[in-house]
>>> print(open('model39.cif').read())   # mmCIF, C-alpha atoms
data_coords
#
loop_
_atom_site.label_atom_id
_atom_site.label_comp_id
_atom_site.auth_asym_id
_atom_site.auth_seq_id
_atom_site.Cartn_x
_atom_site.Cartn_y
_atom_site.Cartn_z
CA MET A 1 11.38 58.00 14.63
CA ASN A 2 14.03 56.40 12.39
CA GLN A 3 14.99 54.07 15.24
CA ALA A 4 11.43 52.66 15.49
CA VAL A 5 11.27 52.01 11.75
CA ALA A 6 14.65 50.26 11.75
CA THR A 7 13.61 47.77 14.46
CA ALA A 8 10.20 47.03 12.94
CA ARG A 9 11.59 45.62 9.71
CA PRO A 10 13.67 42.77 11.22
CA GLN A 11 10.64 41.71 13.28
CA ALA A 12 8.47 41.68 10.14
CA ALA A 13 11.09 39.61 8.28
CA SER A 14 11.36 37.08 11.13
CA THR A 15 7.56 36.88 11.34
CA SER A 16 7.35 36.19 7.60
CA ALA A 17 10.08 33.55 7.84
CA ARG A 18 8.33 31.91 10.78
CA ARG A 19 4.99 31.94 8.95
CA PHE A 20 6.65 30.41 5.86
CA ALA A 21 8.29 27.69 7.99
CA ASN A 22 4.92 26.91 9.63
CA VAL A 23 3.24 26.61 6.24
CA CYS A 24 6.03 24.28 5.00
CA VAL A 25 5.83 22.08 8.10
CA THR A 26 2.02 21.94 7.91
CA PHE A 27 2.11 21.07 4.20
CA THR A 28 4.70 18.34 4.80
CA LEU A 29 2.75 16.82 7.69
CA TRP A 30 -0.54 16.79 5.73
CA THR A 31 1.22 15.29 2.70
CA LEU A 32 2.78 12.53 4.80
CA LEU A 33 -0.53 11.87 6.53
CA GLY A 34 -2.27 11.64 3.14
CA LEU A 35 0.36 9.22 1.81
CA VAL A 36 0.16 7.00 4.87
CA LEU A 37 -3.65 6.98 4.85
CA GLY A 38 -3.67 6.28 1.11
CA LEU A 39 -1.29 3.34 1.50
CA VAL A 40 -3.26 1.97 4.43
CA ALA A 41 -6.46 2.29 2.36
CA ILE A 42 -4.91 0.48 -0.62
CA VAL A 43 -3.72 -2.36 1.59
CA THR A 44 -6.81 -2.75 3.82
CA LEU A 45 -9.85 -1.62 1.81
CA PRO A 46 -9.81 -4.48 -0.71
CA SER A 47 -10.61 -6.97 2.06
CA VAL A 48 -13.58 -4.84 3.16
CA PHE A 49 -15.12 -5.23 -0.30
CA GLY A 50 -14.38 -8.96 -0.66
CA TYR A 51 -11.03 -8.66 -2.42
CA GLN A 52 -7.60 -9.71 -1.22
CA SER A 53 -4.27 -8.02 -1.78
CA LEU A 54 -0.97 -9.86 -2.10
CA THR A 55 2.59 -8.83 -2.81
CA VAL A 56 4.43 -10.42 -5.76
CA VAL A 57 7.71 -11.85 -4.44
CA SER A 58 9.14 -13.57 -7.54
CA GLY A 59 9.65 -12.79 -11.19
CA SER A 60 7.59 -15.69 -12.52
CA MET A 61 4.97 -13.34 -14.03
CA GLU A 62 7.32 -10.71 -15.45
CA PRO A 63 6.89 -8.51 -17.40
CA THR A 64 3.12 -8.52 -16.66
CA LEU A 65 3.55 -8.47 -12.86
CA GLY A 66 6.90 -7.29 -11.60
CA VAL A 67 8.52 -8.20 -8.31
CA GLY A 68 7.21 -5.89 -5.60
CA SER A 69 3.84 -5.32 -7.24
CA VAL A 70 0.67 -5.59 -5.19
CA VAL A 71 -2.09 -7.59 -6.87
CA ILE A 72 -5.74 -7.14 -5.98
CA ASP A 73 -7.69 -10.39 -6.36
CA GLU A 74 -11.42 -10.93 -6.45
CA VAL A 75 -12.41 -14.22 -4.84
CA ILE A 76 -14.19 -16.42 -7.39
CA SER A 77 -15.42 -19.97 -7.86
CA PRO A 78 -12.94 -22.08 -9.86
CA LEU A 79 -15.59 -22.55 -12.56
CA GLU A 80 -15.68 -18.78 -13.17
CA ALA A 81 -12.01 -18.73 -14.20
CA ARG A 82 -11.20 -18.71 -17.92
CA PRO A 83 -7.97 -19.52 -19.76
CA GLY A 84 -5.90 -16.34 -19.98
CA ASP A 85 -7.00 -15.07 -16.53
CA ILE A 86 -4.29 -14.46 -13.99
CA VAL A 87 -5.30 -16.43 -10.91
CA THR A 88 -4.01 -16.81 -7.36
CA PHE A 89 -4.07 -20.28 -5.82
CA LYS A 90 -2.43 -22.40 -3.14
CA ASP A 91 0.81 -23.90 -4.41
CA PRO A 92 0.33 -27.67 -4.76
CA VAL A 93 3.94 -28.31 -3.65
CA ARG A 94 4.68 -25.74 -0.89
CA SER A 95 2.52 -23.81 1.56
CA ARG A 96 2.36 -20.48 -0.26
CA GLN A 97 0.16 -18.60 -2.71
CA LEU A 98 1.04 -18.47 -6.41
CA THR A 99 -0.25 -16.00 -8.99
CA HIS A 100 0.04 -17.37 -12.54
CA ARG A 101 -1.83 -17.31 -15.85
CA LEU A 102 -4.49 -19.99 -16.28
CA GLN A 103 -3.89 -22.24 -19.30
CA LYS A 104 -6.58 -24.92 -18.99
CA VAL A 105 -9.66 -25.67 -16.86
CA ARG A 106 -11.51 -28.97 -16.71
CA ALA A 107 -14.22 -30.05 -14.28
CA GLU A 108 -14.93 -33.69 -13.41
CA GLY A 109 -17.42 -34.37 -10.64
CA ASP A 110 -16.60 -32.29 -7.57
CA THR A 111 -13.02 -31.58 -8.70
CA VAL A 112 -11.79 -28.83 -11.01
CA TYR A 113 -8.44 -29.52 -12.69
CA MET A 114 -6.32 -26.45 -13.43
CA VAL A 115 -3.15 -25.92 -15.44
CA THR A 116 -1.31 -22.63 -14.89
CA LEU A 117 1.96 -21.18 -16.12
CA GLY A 118 3.90 -18.14 -15.01
CA ASP A 119 4.61 -15.82 -17.97
CA ALA A 120 8.37 -16.18 -17.33
CA ASN A 121 8.25 -19.92 -16.51
CA ASP A 122 8.80 -22.95 -18.74
CA VAL A 123 7.06 -25.60 -16.63
CA PRO A 124 3.30 -25.45 -15.92
CA GLU A 125 1.67 -26.29 -12.58
CA ARG A 126 -1.11 -28.86 -12.47
CA TRP A 127 -3.39 -28.58 -9.47
CA THR A 128 -6.92 -29.24 -8.35
CA VAL A 129 -9.53 -27.43 -6.32
CA GLN A 130 -12.96 -28.51 -5.17
CA ARG A 131 -15.86 -27.29 -7.31
CA ASP A 132 -17.22 -25.33 -4.33
CA GLY A 133 -13.73 -23.99 -3.44
CA HIS A 134 -12.35 -20.50 -4.05
CA ILE A 135 -9.44 -19.01 -5.96
CA GLY A 136 -8.43 -15.43 -6.68
CA ARG A 137 -8.58 -13.65 -10.04
CA VAL A 138 -6.33 -10.60 -10.45
CA VAL A 139 -8.39 -7.49 -11.18
CA ALA A 140 -5.65 -4.88 -10.64
CA HIS A 141 -1.99 -4.57 -9.84
CA LEU A 142 0.00 -1.70 -8.38
CA PRO A 143 3.67 -1.78 -9.44
CA LYS A 144 6.35 -1.46 -6.73
CA LEU A 145 3.81 -0.77 -3.95
CA GLY A 146 4.74 -4.06 -2.32
CA TYR A 147 8.11 -2.62 -1.31
CA VAL A 148 6.37 0.21 0.52
CA ARG A 149 3.90 -2.24 2.03
CA GLU A 150 6.75 -4.42 3.26
CA TRP A 151 8.57 -1.44 4.76
CA LEU A 152 5.40 -0.25 6.51
CA SER A 153 5.10 -3.62 8.23
CA SER A 154 8.67 -3.42 9.53
CA ARG A 155 9.88 -2.43 12.99
CA TYR A 156 11.50 0.70 11.54
CA ALA A 157 8.19 1.96 10.17
CA ARG A 158 6.53 1.46 13.54
CA LEU A 159 9.34 3.37 15.22
CA ALA A 160 9.06 6.14 12.61
CA ALA A 161 5.29 6.36 13.18
CA LEU A 162 5.82 6.53 16.95
CA GLY A 163 8.46 9.22 16.45
CA ALA A 164 6.12 11.22 14.20
CA VAL A 165 3.32 11.03 16.77
CA LEU A 166 5.67 12.12 19.57
CA LEU A 167 7.03 14.96 17.43
CA LEU A 168 3.52 16.13 16.57
CA GLY A 169 2.58 16.00 20.26
CA ALA A 170 5.67 17.98 21.22
CA LEU A 171 4.92 20.61 18.57
CA MET A 172 1.36 20.91 19.85
CA LEU A 173 2.59 21.30 23.45
CA VAL A 174 5.11 23.98 22.44
CA ASP A 175 2.37 25.84 20.59
CA LEU A 176 0.03 25.50 23.58
CA TRP A 177 2.60 26.70 26.14
CA ARG A 178 4.02 29.49 24.00
CA PRO A 179 3.33 32.88 25.64
CA ALA A 180 0.68 34.97 23.94
CA LYS A 181 1.95 37.61 21.55
CA PRO A 182 1.39 41.17 22.72
CA GLU A 183 -1.18 43.14 20.79
CA PRO A 184 0.44 45.63 18.40
CA GLN A 185 -0.15 49.20 19.47
CA PRO A 186 -1.38 51.64 16.82
#
>>> encode(input="model39.cif", output="structure tokens")
Amino acid sequence: MNQAVATARPQAASTSARRFANVCVTFTLWTLLGLVLGLVAIVTLPSVFGYQSLTVVSGSMEPTLGVGSVVIDEVISPLEARPGDIVTFKDPVRSRQLTHRLQKVRAEGDTVYMVTLGDANDVPERWTVQRDGHIGRVVAHLPKLGYVREWLSSRYARLAALGAVLLLGALMLVDLWRPAKPEPQP
């Protein structure tokens, strides 16, 4: 009788340890899935509702918008913009988008004249847009999320996602092919 009791305890301890490990793995996988889905939602959902999201790549708007922040812009008519708004527009000198604070707006005929200045810059930009054109107005920003967004678009992130899918598939196959546990006898 003592022999049966002595062997039952190590099995109970290993079962508890296995159950704890399964709970930890499940929690970790659900947490990672939630993080990935949340990041994907933050990056893609704005466009579904008519917004655009961009990553800040320079310090021209610091400390308001730090490098690596993601800005969410609503697309507006240039005549809706007011001095003090942070707007996103096509750089008049290079082919890129700029996000700076609007200083002045003036409309003449079909052309709207804009003057913007980055919070950390000394020299303003003067640019024009057609009256029926579109610019972006920043409605929200998410600090440092741009770094995560950039990493998620890298080759390493795709490889990590493929590895996670393969690992999940392997775990499911192991669970499926594992022999059934014998029923405990009373």
>>> resolve_selection(input="model39.cif", expression="the PyMOL selection byres ((chain A and resi 69) around 7)", output="PyMOL selection string")
chain A and resi 55-56+65-68+70-71+141-146
>>> closest_residue(input="model39.cif", among="A:Thr15, A:Val36, A:Ala140, A:Glu74", to="A:Val48", atoms="all atoms listed in the file")
A:Glu74
>>> resolve_selection(input="model39.cif", expression="the PyMOL selection byres ((chain A and resi 133) around 9)", output="short mmCIF file (atom, residue, chain, number, x, y, z; two decimals) with C-alpha atoms, keeping the file's coordinate frame")
data_model
loop_
_atom_site.label_atom_id
_atom_site.label_comp_id
_atom_site.auth_asym_id
_atom_site.auth_seq_id
_atom_site.Cartn_x
_atom_site.Cartn_y
_atom_site.Cartn_z
CA ILE A 76 -14.19 -16.42 -7.39
CA SER A 77 -15.42 -19.97 -7.86
CA PRO A 78 -12.94 -22.08 -9.86
CA VAL A 129 -9.53 -27.43 -6.32
CA GLN A 130 -12.96 -28.51 -5.17
CA ARG A 131 -15.86 -27.29 -7.31
CA ASP A 132 -17.22 -25.33 -4.33
CA HIS A 134 -12.35 -20.50 -4.05
CA ILE A 135 -9.44 -19.01 -5.96
#
>>> resolve_selection(input="model39.cif", expression="the PyMOL selection byres ((chain A and resi 101) around 6)", output="list in words")
Gly84, Asp85, Ile86, His100, Leu102, Thr116, Leu117 and Gly118 of chain A
>>> closest_residue(input="model39.cif", among="A:Asp175, A:Thr88, A:Leu168, A:Lys104", to="A:Trp30", atoms="all atoms listed in the file")
A:Leu168
>>> closest_residue(input="model39.cif", among="A:Thr128, A:Thr64, A:Gln52, A:Thr99", to="A:Leu79", atoms="only C-alpha atoms")
A:Thr128
>>> atom_distance(input="model39.cif", atom1="atom CA of A:Arg82", atom2="atom CA of A:Gly136")
12.0 Å
>>> residues_near_point(input="model39.cif", point="(5.5, 19.4, 13.0)", cutoff="12 Å", atoms="all atoms listed in the file", output="PyMOL selection string")
chain A and resi 21-33+163-175
>>> write_last_selection(input="model39.cif", atoms="C-alpha atoms", output="PDB file, keeping the file's coordinate frame")
ATOM      1  CA  ALA A  21       8.290  27.690   7.990  1.00  0.00           C
ATOM      2  CA  ASN A  22       4.920  26.910   9.630  1.00  0.00           C
ATOM      3  CA  VAL A  23       3.240  26.610   6.240  1.00  0.00           C
ATOM      4  CA  CYS A  24       6.030  24.280   5.000  1.00  0.00           C
ATOM      5  CA  VAL A  25       5.830  22.080   8.100  1.00  0.00           C
ATOM      6  CA  THR A  26       2.020  21.940   7.910  1.00  0.00           C
ATOM      7  CA  PHE A  27       2.110  21.070   4.200  1.00  0.00           C
ATOM      8  CA  THR A  28       4.700  18.340   4.800  1.00  0.00           C
ATOM      9  CA  LEU A  29       2.750  16.820   7.690  1.00  0.00           C
ATOM     10  CA  TRP A  30      -0.540  16.790   5.730  1.00  0.00           C
ATOM     11  CA  THR A  31       1.220  15.290   2.700  1.00  0.00           C
ATOM     12  CA  LEU A  32       2.780  12.530   4.800  1.00  0.00           C
ATOM     13  CA  LEU A  33      -0.530  11.870   6.530  1.00  0.00           C
ATOM     14  CA  GLY A 163       8.460   9.220  16.450  1.00  0.00           C
ATOM     15  CA  ALA A 164       6.120  11.220  14.200  1.00  0.00           C
ATOM     16  CA  VAL A 165       3.320  11.030  16.770  1.00  0.00           C
ATOM     17  CA  LEU A 166       5.670  12.120  19.570  1.00  0.00           C
ATOM     18  CA  LEU A 167       7.030  14.960  17.430  1.00  0.00           C
ATOM     19  CA  LEU A 168       3.520  16.130  16.570  1.00  0.00           C
ATOM     20  CA  GLY A 169       2.580  16.000  20.260  1.00  0.00           C
ATOM     21  CA  ALA A 170       5.670  17.980  21.220  1.00  0.00           C
ATOM     22  CA  LEU A 171       4.920  20.610  18.570  1.00  0.00           C
ATOM     23  CA  MET A 172       1.360  20.910  19.850  1.00  0.00           C
ATOM     24  CA  LEU A 173       2.590  21.300  23.450  1.00  0.00           C
ATOM     25  CA  VAL A 174       5.110  23.980  22.440  1.00  0.00           C
ATOM     26  CA  ASP A 175       2.370  25.840  20.590  1.00  0.00           C
TER      27      ASP A 175
END
>>> atom_distance(input="model39.cif", atom1="atom CA of A:Asp110", atom2="atom CA of A:Ile72")
27.4 Å
>>> atom_distance(input="model39.cif", atom1="atom CA of A:Arg106", atom2="atom CA of A:Arg137")
17.0 Å
>>> closest_residue(input="model39.cif", among="A:Ala81, A:Leu35, A:Ala120, A:Val57", to="A:Gln103", atoms="only C-alpha atoms")
A:Ala81
>>> axis_aligned_box(input="model39.cif", around="stretch 157-165 of chain A", padding_each_side="4 Å", output="AutoDock Vina command-line options")
--center_x 6.3 --center_y 6.3 --center_z 13.6 --size_x 14.0 --size_y 17.8 --size_z 14.8
